[in-house]
Protein chains: 2
Amino acid sequence: MRFNIVAKILGLIVGVVSLFMLWPLAWAYLDNSSEVGPIFSSMIIGIAISVILLFAGSNSTSTDMRPREALAIVGLSWLSVSAIGALPFWLSGALPNYTDAFFEAVSGFTTTGSTVLTDIEANGRGILFWRSLTHWLGGMGIIVLGLAVLPFLGVGGRQLFRAEVPGPVPEKLTPRIHHTALLLWGVYLFLSALEAFLLYVGGLSPFEALTHTFGTMATGGFSPLNGSVGQYNSLYVDSVVTIFMFMAGANFALHYRLLARRDLNAWWRDDEFRFYLIVILGAIVTISLILFKNNIYDSVSKTIRYVSFQSISIMTTTGFVTADYEQWPVYAQSLLLILMLIGGCAGSTGGGMKVVRLMILLKHVGIELKTLIHPRAHYSMRLNGKTVEWGIVLSILAFLSLYVIVFVISFLLLTLLGVDLITAIAAVAATLGNIGPGLGNVGPMDNYADLAMPVKWILSFCMLFGRLELYPMMALFLPDTWKR
Amino acid sequence: MRFNIVAKILGLIVGVVSLFMLWPLAWAYLDNSSEVGPIFSSMIIGIAISVILLFAGSNSTSTDMRPREALAIVGLSWLSVSAIGALPFWLSGALPNYTDAFFEAVSGFTTTGSTVLTDIEANGRGILFWRSLTHWLGGMGIIVLGLAVLPFLGVGGRQLFRAEVPGPVPEKLTPRIHHTALLLWGVYLFLSALEAFLLYVGGLSPFEALTHTFGTMATGGFSPLNGSVGQYNSLYVDSVVTIFMFMAGANFALHYRLLARRDLNAWWRDDEFRFYLIVILGAIVTISLILFKNNIYDSVSKTIRYVSFQSISIMTTTGFVTADYEQWPVYAQSLLLILMLIGGCAGSTGGGMKVVRLMILLKHVGIELKTLIHPRAHYSMRLNGKTVEWGIVLSILAFLSLYVIVFVISFLLLTLLGVDLITAIAAVAATLGNIGPGLGNVGPMDNYADLAMPVKWILSFCMLFGRLELYPMMALFLPDTWKR
Ligand SMILES: [K+]
Ligand SMILES: [K+]
């Protein structure tokens with residue numbers, strides 16, 4: 001690894017993120033709150049570190065990166081941004097120690113939304129805005145990562161999900177990523193502005209409209225309210241958030257095509273989007289029927305409202321809560337658990353293993369069964385009208401296998417630290433899938449504050465592994481990455 | 001499907017299994033027990049059905065089968081043998097209804113060892129002998145299935161695990177299977193006789209020596225005692241059973257080479273056997289350290305004795321119990337849970353997903369990681385000194401994926417029937433992996449009797465799916481199988 005290239009890019013990213021602290025600083029200043037000092041100090045420390053890194057990287061000349069350098073930069077950038085992003089929580093005393101502050105920052109930037117704050121509303125608007133802003137910044141990073149960076153590195157079969165945006169196709173990786181990133185950020189910004197406007201029109205203050213938008217568009221789930229979105233008890237707010245969660249869990253390249261090219265069929269033509277829609281609608285109908293049969297809510301409309309919100313919140317791995325779904329019948333819970341593991345679409349801000357990977361797994365099993373019955377026939381896998389090569393199928397199956405391996409190792413480490421079996425499984429699933437709230441002791445109405453320090457560090461790494469599609473974090477643990 | 005071929009083979013299998021009822025009949029006769037009538041009637045019904053099937057298939061001339069016919073015959077033979085094998089339990093009144101009797105018989109023939117009998121010792125020696133004999137017969141079927149039938153059908157990458165036994169290599173499938181089957185049965189019979197002899201020498205009655213041998217060699221786990229093997233509280237019995245469980249969980253083709261060719265290195269040269277040994281030894285050392293640190297037993301030797309027995313019993317998916325491992329620390333339990341899912345070696349009587357499949361999954365992930373760091377290099381997968389083709393890797397990954405899919409569907413069906421989340425996961429894992437006792441409500445000291453009827457039917461199918469490596473049962477559900 002050439003450390004000067006790495007330092008240069010990290011310096012740039014840390015600098016930009018630190019400058020974004022101006023925004024929460026403004027809220028704290030408006031409120032004349034004691035949070036001004038801690039946030040300002042955090043920003044200065046962040047900028048100082050950025051300057052040092054940029055200085056260390058100033059002698060780097062080449063712009064093309066080797067894959068392992070690119071992977072390491074992705075892993076290190078999320079790590080360093082979280083390390084800096086933890087400072088406001090720690091310096092302000094919002095969280096009692098750096099471990100908790102780091103957990104909260106990782107949970108923010110990875111758009112997981114698991115929290116260790118016990119009384120959220122006890123904090124000022126500065127800290128709460130920063131907390132939600134980490135989601136939004138993390139979401140921006142993930143869209144570019146999923147549609148522009150990882151596809152070019154061929155990670156986990158990601159080459160399938162390359163954003164096909166118009167423009168020059170240069171030979172070098174970097175200019176193309178810049179171009180793609182700007183277009184996708186435009187879509188992200190546009191949808192965010194639209195949601196914030198709709199929430200503001202619905203009666204939310206600018207502060208609450210923005211923070212909930214950040215939580216939605218990043219499929220993050222942090223809310224500045226103790227009772228999450230459910231605290232409004234508003235059909236309008238629930239509906240707006242439901243629709244935008246659904247959008248955030250779909251591929252942003254499709255949204256780009258829809259918006260920029262006025263291609264109204266962009267969504268429906270996409271195999272993954274159709275599957276995503278069908279799974280969600282199927283889950284909503286099934287769960288609604290179960291709840292209605294069990295008389296959980298007193299009207300059909302209420303049932304559909306809460307079920308739609310909660311199903312979409314969980315499948316997109318947002319984690320906003322309007323209903324305590326642990327009180328729902330066990331079959332409804334088990335369906336939610338499955339949705340959780342599937343997650344959002346490729347190229348969305350959603351977590352989980354991704355809809356398209358499930359589709360390829362199912363198609364692969366289907367072909368194996370057909371071959372068994374007709375051994376002499378040859379079948380090929382097709383997605384969006386194109387043949388999927390076996391190498392890509394192998395890559396995707398390797399990714400899913402590695403996902404299970406990371407799951408099992410994290411689970412074993414947690415039980416080694418004395419966490420009970422169910423909480424261990426639920427916590428790993430919720431963090432590795434970037435969901436946020438899980439079931440059991442870390443369920444929708446509980447939080448992660450009571451877990452032991454080393455458990456919080458392991459779960460922080462689960463969030464990073466899940467969010468960055470495993471390999472960038474794996475790369476940091478492989479000795480080869482650190483060779484010059 | 002040509003039904004006359006199917007009828008002929010099923011008739012043969014049902015006939016042979018029915019004739020084996022003479023053995024429990026002899027025990028019942030010796031005891032002058034009321035079980036004589038029910039067992040005799042069951043045998044007569046079995047033989048009658050066998051004759052009808054043989055008559056229906058008498059006009060079949062061709063001996064070569066199409067793959068889907070072979071798969072369907074495998075699925076149907078376990079189903080019909082279980083249906084006949086349930087009769088003694090039902091007719092004798094040992095179990096109150098046919099659902100329970102069928103569950104017990106499936107559990108026997110699939111060598112799962114989950115029971116719905118609440119007071120085992122309340123039954124006579126006839127019924128208990130038949131119960132254990134179903135294990136032993138099922139084990140004979142599985143060895144031939146895993147080493148001779150499925151490899152030739154190329155099911156789930158099974159062609160890797162073909163028994164390489166000497167002798168003529170005819171072009172047709174059938175004579176070769178006959179030859180391989182006879183040699184492997186010889187090994188199975190020899191090891192069974194040896195264990196029964198050692199247990200008899202250790203002071204067990206012929207009845208108890210035989211029934212525990214059946215449970216061991218088939219990795220079944222039924223015991224005629226309420227307290228399983230732990231009831232003897234004998235170091236000698238524990239040791240003998242531990243060693244033979246370990247053998248039963250390894251590839252019988254290796255045992256054949258060791259015994260017939262005096263090839264003492266046969267075990268150690270095999271990659272899968274080495275991995276199996278290392279995993280078991282690693283688990284025993286780790287769990288012993290945990291238990292010793294937590295002062296679970298008062299001496300090192302006692303700790304090692306119970307941990308060795310329980311680790312091997314669970315990894316080989318036998319399910320004999322000498323210790324209530326739900327009282328062990330949570331980390332020890334989570335390790336047992338992982339062993340359970342791995343299961344025995346290919347070509348053994350053990351269940352689970354099989355050691356070699358885990359190895360190939362791990363190797364595949366390793367290659368993917370290496371490719372990521374060195375994109376231009378080409379790697380190939382090697383096992384036992386030979387290259388594993390990508391087609392086989394794809395097949396094995398398809399098998400593992402289908403395993404997970406069957407798991408998820410069964411889990412959802414169980415929760416739909418009101419089973420709680422934990423019991424549902426534990427029961428599906430224990431039956432699909434042919435383990436027997438699980439954790440939670442179906443843990444080592446509980447049993448399956450209290451579950452609802454439809455739950456018992458679903459779990460019966462889980463046992464069959466797991467035991468027959470999924471595809472023979474899948475084939476029964478595919479319409480193409482039933483076309484002429
Ligand atoms: K989330
Ligand atoms: K068993």
# chains A, B, ... in the order shown; residues from 1 in each chain; ligands from 1

$ interface_residues --of "chain B" --to "chain A" --cutoff "6 Å" --atoms "only C-alpha atoms" --output "PyMOL selection string"
chain B and resi 68+331+365+373+398+415-416

$ write_last_selection --atoms "N, CA and C atoms" --output "mmCIF file, in the first residue's frame"
data_model
loop_
_atom_site.group_PDB
_atom_site.id
_atom_site.type_symbol
_atom_site.label_atom_id
_atom_site.label_comp_id
_atom_site.auth_asym_id
_atom_site.auth_seq_id
_atom_site.Cartn_x
_atom_site.Cartn_y
_atom_site.Cartn_z
ATOM 1 N N ARG B 68 -34.247 -38.744 -12.472
ATOM 2 C CA ARG B 68 -35.416 -38.342 -11.672
ATOM 3 C C ARG B 68 -36.152 -39.546 -11.101
ATOM 4 N N TYR B 331 -21.426 -19.803 26.125
ATOM 5 C CA TYR B 331 -20.435 -19.906 25.052
ATOM 6 C C TYR B 331 -20.238 -21.366 24.632
ATOM 7 N N VAL B 365 -14.434 -19.058 -0.290
ATOM 8 C CA VAL B 365 -14.323 -17.699 0.236
ATOM 9 C C VAL B 365 -12.855 -17.265 0.266
ATOM 10 N N ILE B 373 -7.296 -9.346 -3.710
ATOM 11 C CA ILE B 373 -6.013 -8.685 -3.449
ATOM 12 C C ILE B 373 -5.101 -8.803 -4.667
ATOM 13 N N ALA B 398 -25.173 -24.464 -4.319
ATOM 14 C CA ALA B 398 -26.619 -24.558 -4.549
ATOM 15 C C ALA B 398 -27.255 -25.427 -3.474
ATOM 16 N N THR B 415 -43.866 -21.244 12.731
ATOM 17 C CA THR B 415 -44.346 -20.053 13.442
ATOM 18 C C THR B 415 -45.785 -19.752 13.035
ATOM 19 N N LEU B 416 -46.140 -20.077 11.784
ATOM 20 C CA LEU B 416 -47.527 -19.901 11.349
ATOM 21 C C LEU B 416 -48.460 -20.744 12.210
#

$ residues_near_ligand --ligand "ligand 1" --cutoff "9 Å" --atoms "only C-alpha atoms and all ligand atoms" --output "MDAnalysis selection string"
chainID A and resid 107:108 110:114 135 215:216 218:222 313:314 316:320 350:351 430:431 433:437

$ residues_around --residues "Tyr256 in chain B" --least-positions-apart "6" --cutoff "9 Å" --atoms "only C-alpha atoms" --output "number ranges by chain"
B: 165, 183-184, 186-187

$ residues_around --residues "range 276-281 of chain B" --least-positions-apart "4" --cutoff "12 Å" --atoms "only C-alpha atoms" --output "PDB file with N, CA and C atoms, in the first residue's frame"
ATOM      1  N   THR B 242     -18.374 -43.210  22.755  1.00  0.00           N
ATOM      2  CA  THR B 242     -17.706 -42.028  22.183  1.00  0.00           C
ATOM      3  C   THR B 242     -16.872 -42.410  20.963  1.00  0.00           C
ATOM      4  N   PHE B 246     -17.663 -41.454  16.974  1.00  0.00           N
ATOM      5  CA  PHE B 246     -16.665 -40.763  16.152  1.00  0.00           C
ATOM      6  C   PHE B 246     -16.459 -41.489  14.822  1.00  0.00           C
ATOM      7  N   MET B 247     -16.376 -42.837  14.890  1.00  0.00           N
ATOM      8  CA  MET B 247     -16.208 -43.640  13.671  1.00  0.00           C
ATOM      9  C   MET B 247     -17.424 -43.501  12.757  1.00  0.00           C
ATOM     10  N   GLY B 249     -19.363 -41.093  12.438  1.00  0.00           N
ATOM     11  CA  GLY B 249     -19.451 -39.761  11.840  1.00  0.00           C
ATOM     12  C   GLY B 249     -18.405 -39.522  10.759  1.00  0.00           C
ATOM     13  N   ALA B 250     -17.518 -40.509  10.557  1.00  0.00           N
ATOM     14  CA  ALA B 250     -16.492 -40.380   9.505  1.00  0.00           C
ATOM     15  C   ALA B 250     -16.903 -41.194   8.278  1.00  0.00           C
ATOM     16  N   ASN B 251     -16.195 -40.960   7.174  1.00  0.00           N
ATOM     17  CA  ASN B 251     -16.519 -41.595   5.902  1.00  0.00           C
ATOM     18  C   ASN B 251     -16.276 -43.112   5.960  1.00  0.00           C
ATOM     19  N   TRP B 267      -7.126 -42.754   6.936  1.00  0.00           N
ATOM     20  CA  TRP B 267      -7.815 -41.662   7.620  1.00  0.00           C
ATOM     21  C   TRP B 267      -7.075 -40.345   7.465  1.00  0.00           C
ATOM     22  N   TRP B 268      -5.810 -40.382   7.866  1.00  0.00           N
ATOM     23  CA  TRP B 268      -5.050 -39.148   7.992  1.00  0.00           C
ATOM     24  C   TRP B 268      -4.799 -38.478   6.643  1.00  0.00           C
ATOM     25  N   ASP B 270      -6.829 -38.227   4.295  1.00  0.00           N
ATOM     26  CA  ASP B 270      -8.058 -37.629   3.771  1.00  0.00           C
ATOM     27  C   ASP B 270      -8.266 -36.230   4.356  1.00  0.00           C
ATOM     28  N   ASP B 271      -8.382 -35.227   3.466  1.00  0.00           N
ATOM     29  CA  ASP B 271      -8.526 -33.836   3.931  1.00  0.00           C
ATOM     30  C   ASP B 271      -9.732 -33.655   4.842  1.00  0.00           C
ATOM     31  N   GLU B 272     -10.859 -34.287   4.471  1.00  0.00           N
ATOM     32  CA  GLU B 272     -12.070 -34.107   5.259  1.00  0.00           C
ATOM     33  C   GLU B 272     -11.908 -34.707   6.649  1.00  0.00           C
ATOM     34  N   VAL B 285     -11.319 -29.197  23.498  1.00  0.00           N
ATOM     35  CA  VAL B 285     -10.379 -28.432  24.326  1.00  0.00           C
ATOM     36  C   VAL B 285     -11.023 -27.125  24.785  1.00  0.00           C
ATOM     37  N   THR B 286     -11.637 -26.393  23.847  1.00  0.00           N
ATOM     38  CA  THR B 286     -12.219 -25.096  24.199  1.00  0.00           C
ATOM     39  C   THR B 286     -13.339 -25.246  25.226  1.00  0.00           C
ATOM     40  N   ILE B 287     -14.272 -26.173  24.966  1.00  0.00           N
ATOM     41  CA  ILE B 287     -15.407 -26.321  25.877  1.00  0.00           C
ATOM     42  C   ILE B 287     -14.933 -26.815  27.246  1.00  0.00           C
ATOM     43  N   SER B 288     -13.951 -27.734  27.255  1.00  0.00           N
ATOM     44  CA  SER B 288     -13.433 -28.223  28.540  1.00  0.00           C
ATOM     45  C   SER B 288     -12.868 -27.055  29.349  1.00  0.00           C
ATOM     46  N   ILE B 304     -13.456 -33.651  30.891  1.00  0.00           N
ATOM     47  CA  ILE B 304     -13.073 -34.126  29.561  1.00  0.00           C
ATOM     48  C   ILE B 304     -14.007 -35.249  29.102  1.00  0.00           C
ATOM     49  N   VAL B 307     -17.451 -33.694  28.181  1.00  0.00           N
ATOM     50  CA  VAL B 307     -17.332 -32.793  27.022  1.00  0.00           C
ATOM     51  C   VAL B 307     -17.044 -33.588  25.756  1.00  0.00           C
ATOM     52  N   SER B 308     -16.150 -34.592  25.846  1.00  0.00           N
ATOM     53  CA  SER B 308     -15.841 -35.403  24.662  1.00  0.00           C
ATOM     54  C   SER B 308     -17.100 -36.107  24.177  1.00  0.00           C
ATOM     55  N   PHE B 309     -17.795 -36.747  25.104  1.00  0.00           N
ATOM     56  CA  PHE B 309     -19.004 -37.481  24.726  1.00  0.00           C
ATOM     57  C   PHE B 309     -19.995 -36.539  24.059  1.00  0.00           C
ATOM     58  N   GLN B 310     -20.274 -35.397  24.715  1.00  0.00           N
ATOM     59  CA  GLN B 310     -21.337 -34.526  24.220  1.00  0.00           C
ATOM     60  C   GLN B 310     -20.943 -33.827  22.921  1.00  0.00           C
ATOM     61  N   SER B 311     -19.683 -33.424  22.788  1.00  0.00           N
ATOM     62  CA  SER B 311     -19.240 -32.754  21.553  1.00  0.00           C
ATOM     63  C   SER B 311     -19.333 -33.712  20.375  1.00  0.00           C
ATOM     64  N   ILE B 312     -18.842 -34.948  20.578  1.00  0.00           N
ATOM     65  CA  ILE B 312     -18.869 -35.918  19.480  1.00  0.00           C
ATOM     66  C   ILE B 312     -20.305 -36.343  19.190  1.00  0.00           C
ATOM     67  N   SER B 313     -21.107 -36.504  20.248  1.00  0.00           N
ATOM     68  CA  SER B 313     -22.505 -36.877  20.053  1.00  0.00           C
ATOM     69  C   SER B 313     -23.234 -35.819  19.225  1.00  0.00           C
ATOM     70  N   ILE B 314     -22.902 -34.549  19.460  1.00  0.00           N
ATOM     71  CA  ILE B 314     -23.615 -33.486  18.760  1.00  0.00           C
ATOM     72  C   ILE B 314     -23.055 -33.253  17.373  1.00  0.00           C
ATOM     73  N   MET B 315     -21.721 -33.243  17.220  1.00  0.00           N
ATOM     74  CA  MET B 315     -21.168 -33.004  15.884  1.00  0.00           C
ATOM     75  C   MET B 315     -21.498 -34.133  14.916  1.00  0.00           C
ATOM     76  N   THR B 316     -21.461 -35.394  15.413  1.00  0.00           N
ATOM     77  CA  THR B 316     -21.840 -36.511  14.538  1.00  0.00           C
ATOM     78  C   THR B 316     -23.359 -36.585  14.378  1.00  0.00           C
ATOM     79  N   LEU B 335     -21.005 -22.999  20.851  1.00  0.00           N
ATOM     80  CA  LEU B 335     -20.082 -23.850  20.090  1.00  0.00           C
ATOM     81  C   LEU B 335     -20.756 -25.166  19.695  1.00  0.00           C
ATOM     82  N   LEU B 336     -21.520 -25.751  20.611  1.00  0.00           N
ATOM     83  CA  LEU B 336     -22.247 -26.986  20.286  1.00  0.00           C
ATOM     84  C   LEU B 336     -23.222 -26.749  19.132  1.00  0.00           C
ATOM     85  N   ILE B 338     -22.892 -24.673  16.690  1.00  0.00           N
ATOM     86  CA  ILE B 338     -22.146 -24.623  15.419  1.00  0.00           C
ATOM     87  C   ILE B 338     -21.770 -26.041  14.978  1.00  0.00           C
ATOM     88  N   LEU B 339     -21.296 -26.865  15.919  1.00  0.00           N
ATOM     89  CA  LEU B 339     -20.949 -28.257  15.590  1.00  0.00           C
ATOM     90  C   LEU B 339     -22.147 -28.981  14.985  1.00  0.00           C
ATOM     91  N   MET B 340     -23.313 -28.759  15.608  1.00  0.00           N
ATOM     92  CA  MET B 340     -24.575 -29.342  15.182  1.00  0.00           C
ATOM     93  C   MET B 340     -24.863 -29.051  13.708  1.00  0.00           C
ATOM     94  N   ILE B 342     -22.718 -28.140  11.378  1.00  0.00           N
ATOM     95  CA  ILE B 342     -21.713 -28.718  10.471  1.00  0.00           C
ATOM     96  C   ILE B 342     -22.051 -30.182  10.199  1.00  0.00           C
ATOM     97  N   GLY B 343     -22.182 -30.969  11.277  1.00  0.00           N
ATOM     98  CA  GLY B 343     -22.557 -32.365  11.099  1.00  0.00           C
ATOM     99  C   GLY B 343     -21.371 -33.251  10.785  1.00  0.00           C
ATOM    100  N   GLY B 344     -21.664 -34.481  10.332  1.00  0.00           N
ATOM    101  CA  GLY B 344     -20.638 -35.482  10.089  1.00  0.00           C
ATOM    102  C   GLY B 344     -19.964 -35.333   8.731  1.00  0.00           C
ATOM    103  N   CYS B 345     -19.151 -36.330   8.390  1.00  0.00           N
ATOM    104  CA  CYS B 345     -18.454 -36.331   7.103  1.00  0.00           C
ATOM    105  C   CYS B 345     -19.373 -36.890   6.014  1.00  0.00           C
ATOM    106  N   ALA B 346     -19.031 -36.594   4.769  1.00  0.00           N
ATOM    107  CA  ALA B 346     -19.732 -37.219   3.651  1.00  0.00           C
ATOM    108  C   ALA B 346     -19.457 -38.716   3.710  1.00  0.00           C
ATOM    109  N   SER B 348     -20.713 -40.785   5.798  1.00  0.00           N
ATOM    110  CA  SER B 348     -20.925 -41.310   7.144  1.00  0.00           C
ATOM    111  C   SER B 348     -22.424 -41.469   7.349  1.00  0.00           C
ATOM    112  N   GLY B 350     -23.725 -39.690   9.734  1.00  0.00           N
ATOM    113  CA  GLY B 350     -24.031 -38.413  10.385  1.00  0.00           C
ATOM    114  C   GLY B 350     -24.846 -37.484   9.491  1.00  0.00           C
ATOM    115  N   LYS B 354     -22.592 -31.457   6.455  1.00  0.00           N
ATOM    116  CA  LYS B 354     -21.404 -32.261   6.140  1.00  0.00           C
ATOM    117  C   LYS B 354     -20.116 -31.426   6.131  1.00  0.00           C
ATOM    118  N   VAL B 355     -19.108 -32.003   6.738  1.00  0.00           N
ATOM    119  CA  VAL B 355     -17.818 -31.336   6.906  1.00  0.00           C
ATOM    120  C   VAL B 355     -17.239 -30.873   5.574  1.00  0.00           C
ATOM    121  N   VAL B 356     -17.275 -31.744   4.560  1.00  0.00           N
ATOM    122  CA  VAL B 356     -16.608 -31.420   3.304  1.00  0.00           C
ATOM    123  C   VAL B 356     -17.267 -30.217   2.617  1.00  0.00           C
ATOM    124  N   ARG B 357     -18.570 -30.063   2.793  1.00  0.00           N
ATOM    125  CA  ARG B 357     -19.240 -28.921   2.181  1.00  0.00           C
ATOM    126  C   ARG B 357     -18.779 -27.631   2.849  1.00  0.00           C
ATOM    127  N   LEU B 358     -18.636 -27.670   4.178  1.00  0.00           N
ATOM    128  CA  LEU B 358     -18.118 -26.497   4.883  1.00  0.00           C
ATOM    129  C   LEU B 358     -16.708 -26.167   4.388  1.00  0.00           C
ATOM    130  N   MET B 359     -15.875 -27.222   4.195  1.00  0.00           N
ATOM    131  CA  MET B 359     -14.509 -26.995   3.725  1.00  0.00           C
ATOM    132  C   MET B 359     -14.505 -26.299   2.373  1.00  0.00           C
TER     133      MET B 359
END

$ residues_around --residues "range 76-85 of chain A" --least-positions-apart "2" --cutoff "10 Å" --atoms "only C-alpha atoms" --output "PyMOL selection string"
chain A and resi 6-7+9-18+21+39+42-43+45-47+49+70-74+87-90+98+101-110+130-131+134+138+141+460-461+464+467-468+472-473+476

$ closest_residue --among "B:Ala283, B:Leu95, B:Ala248, B:Ala266" --to "ligand 2" --atoms "only C-alpha atoms and all ligand atoms"
B:Ala248

$ atom_distance --atom1 "CA of Leu25 in chain A" --atom2 "CA of Val241 in chain A"
26.5 Å

$ residues_around --residues "Leu198 in chain A" --least-positions-apart "3" --cutoff "12 Å" --atoms "only C-alpha atoms" --output "VMD selection string"
chain A and resid 191 to 195 201 to 206 208 to 210 212 to 213 236 to 241 243 to 244

$ write_last_selection --atoms "N, CA, C and O atoms" --output "short mmCIF file (atom, residue, chain, number, x, y, z; two decimals), in the first residue's frame"
data_model
loop_
_atom_site.label_atom_id
_atom_site.label_comp_id
_atom_site.auth_asym_id
_atom_site.auth_seq_id
_atom_site.Cartn_x
_atom_site.Cartn_y
_atom_site.Cartn_z
N LEU A 191 -34.33 14.16 -3.69
CA LEU A 191 -35.32 13.40 -2.92
C LEU A 191 -35.33 13.86 -1.46
O LEU A 191 -36.40 13.95 -0.83
N SER A 192 -34.16 14.16 -0.91
CA SER A 192 -34.08 14.62 0.48
C SER A 192 -34.82 15.95 0.62
O SER A 192 -35.60 16.16 1.56
N ALA A 193 -34.57 16.87 -0.31
CA ALA A 193 -35.22 18.19 -0.26
C ALA A 193 -36.73 18.02 -0.34
O ALA A 193 -37.50 18.66 0.39
N LEU A 194 -37.16 17.11 -1.23
CA LEU A 194 -38.60 16.88 -1.41
C LEU A 194 -39.24 16.35 -0.13
O LEU A 194 -40.29 16.83 0.32
N GLU A 195 -38.59 15.36 0.51
CA GLU A 195 -39.17 14.80 1.73
C GLU A 195 -39.21 15.85 2.84
O GLU A 195 -40.21 15.99 3.55
N VAL A 201 -44.31 20.94 5.42
CA VAL A 201 -45.69 21.27 5.08
C VAL A 201 -46.66 20.57 6.03
O VAL A 201 -47.70 21.10 6.41
N GLY A 202 -46.29 19.36 6.45
CA GLY A 202 -47.13 18.59 7.37
C GLY A 202 -47.09 19.08 8.80
O GLY A 202 -47.69 18.46 9.67
N GLY A 203 -46.33 20.13 9.06
CA GLY A 203 -46.36 20.72 10.39
C GLY A 203 -45.12 20.47 11.23
O GLY A 203 -45.04 20.93 12.38
N LEU A 204 -44.15 19.75 10.70
CA LEU A 204 -42.93 19.54 11.48
C LEU A 204 -42.06 20.80 11.40
O LEU A 204 -42.08 21.52 10.41
N SER A 205 -41.31 21.05 12.47
CA SER A 205 -40.37 22.17 12.46
C SER A 205 -39.26 21.86 11.46
O SER A 205 -39.03 20.69 11.13
N PRO A 206 -38.55 22.90 10.96
CA PRO A 206 -37.43 22.62 10.04
C PRO A 206 -36.45 21.61 10.65
O PRO A 206 -35.98 20.71 9.95
N GLU A 208 -37.00 19.16 12.84
CA GLU A 208 -37.53 17.80 12.84
C GLU A 208 -37.72 17.27 11.41
O GLU A 208 -37.53 16.07 11.15
N ALA A 209 -38.11 18.15 10.51
CA ALA A 209 -38.27 17.73 9.11
C ALA A 209 -36.93 17.25 8.55
O ALA A 209 -36.85 16.21 7.90
N LEU A 210 -35.86 18.02 8.83
CA LEU A 210 -34.54 17.65 8.31
C LEU A 210 -34.01 16.37 8.95
O LEU A 210 -33.55 15.45 8.25
N HIS A 212 -35.56 13.89 10.41
CA HIS A 212 -36.28 12.69 9.98
C HIS A 212 -36.01 12.37 8.51
O HIS A 212 -36.00 11.21 8.11
N THR A 213 -35.79 13.40 7.71
CA THR A 213 -35.41 13.15 6.31
C THR A 213 -34.07 12.44 6.25
O THR A 213 -33.90 11.48 5.48
N TYR A 236 -50.39 11.44 8.06
CA TYR A 236 -49.66 12.13 7.00
C TYR A 236 -48.16 11.87 7.12
O TYR A 236 -47.51 11.48 6.14
N VAL A 237 -47.61 12.08 8.33
CA VAL A 237 -46.17 11.87 8.52
C VAL A 237 -45.80 10.42 8.23
O VAL A 237 -44.84 10.13 7.51
N ASP A 238 -46.59 9.48 8.76
CA ASP A 238 -46.34 8.06 8.50
C ASP A 238 -46.30 7.78 7.00
O ASP A 238 -45.43 7.05 6.52
N SER A 239 -47.25 8.35 6.27
CA SER A 239 -47.34 8.07 4.83
C SER A 239 -46.12 8.61 4.10
O SER A 239 -45.52 7.92 3.27
N VAL A 240 -45.76 9.87 4.40
CA VAL A 240 -44.60 10.46 3.72
C VAL A 240 -43.35 9.63 4.00
O VAL A 240 -42.61 9.27 3.08
N VAL A 241 -43.14 9.32 5.26
CA VAL A 241 -41.93 8.57 5.62
C VAL A 241 -41.94 7.19 4.97
O VAL A 241 -40.93 6.71 4.45
N ILE A 243 -43.32 6.23 2.12
CA ILE A 243 -43.01 6.33 0.69
C ILE A 243 -41.52 6.59 0.47
O ILE A 243 -40.89 5.95 -0.38
N PHE A 244 -40.95 7.49 1.27
CA PHE A 244 -39.54 7.80 1.04
C PHE A 244 -38.61 6.70 1.54
O PHE A 244 -37.52 6.51 0.97
#

$ atom_distance --atom1 "CA of Phe292 in chain B" --atom2 "CA of Met245 in chain B"
24.1 Å

$ closest_residue --among "B:Ser299, B:Thr115, B:Asn265, B:Ser410" --to "ligand 2" --atoms "only C-alpha atoms and all ligand atoms"
B:Thr115

$ residues_around --residues "Trp27 in chain A" --least-positions-apart "5" --cutoff "9 Å" --atoms "only C-alpha atoms" --output "PyMOL selection string"
chain A and resi 22+32-33+36+124-127+129+207

$ closest_residue --among "B:Ser50, B:Ser223, B:Ser41, B:Asn123" --to "ligand 2" --atoms "only C-alpha atoms and all ligand atoms"
B:Ser223

$ atom_distance --atom1 "CA of Lys456 in chain B" --atom2 "CA of Asn97 in chain B"
11.8 Å

$ select_by_dssp --residues "range 346-426 of chain B" --states "strand (DSSP E or B)" --output "list in words"
Met381, Arg382, Leu383, Lys386, Thr387 and Val388 of chain B
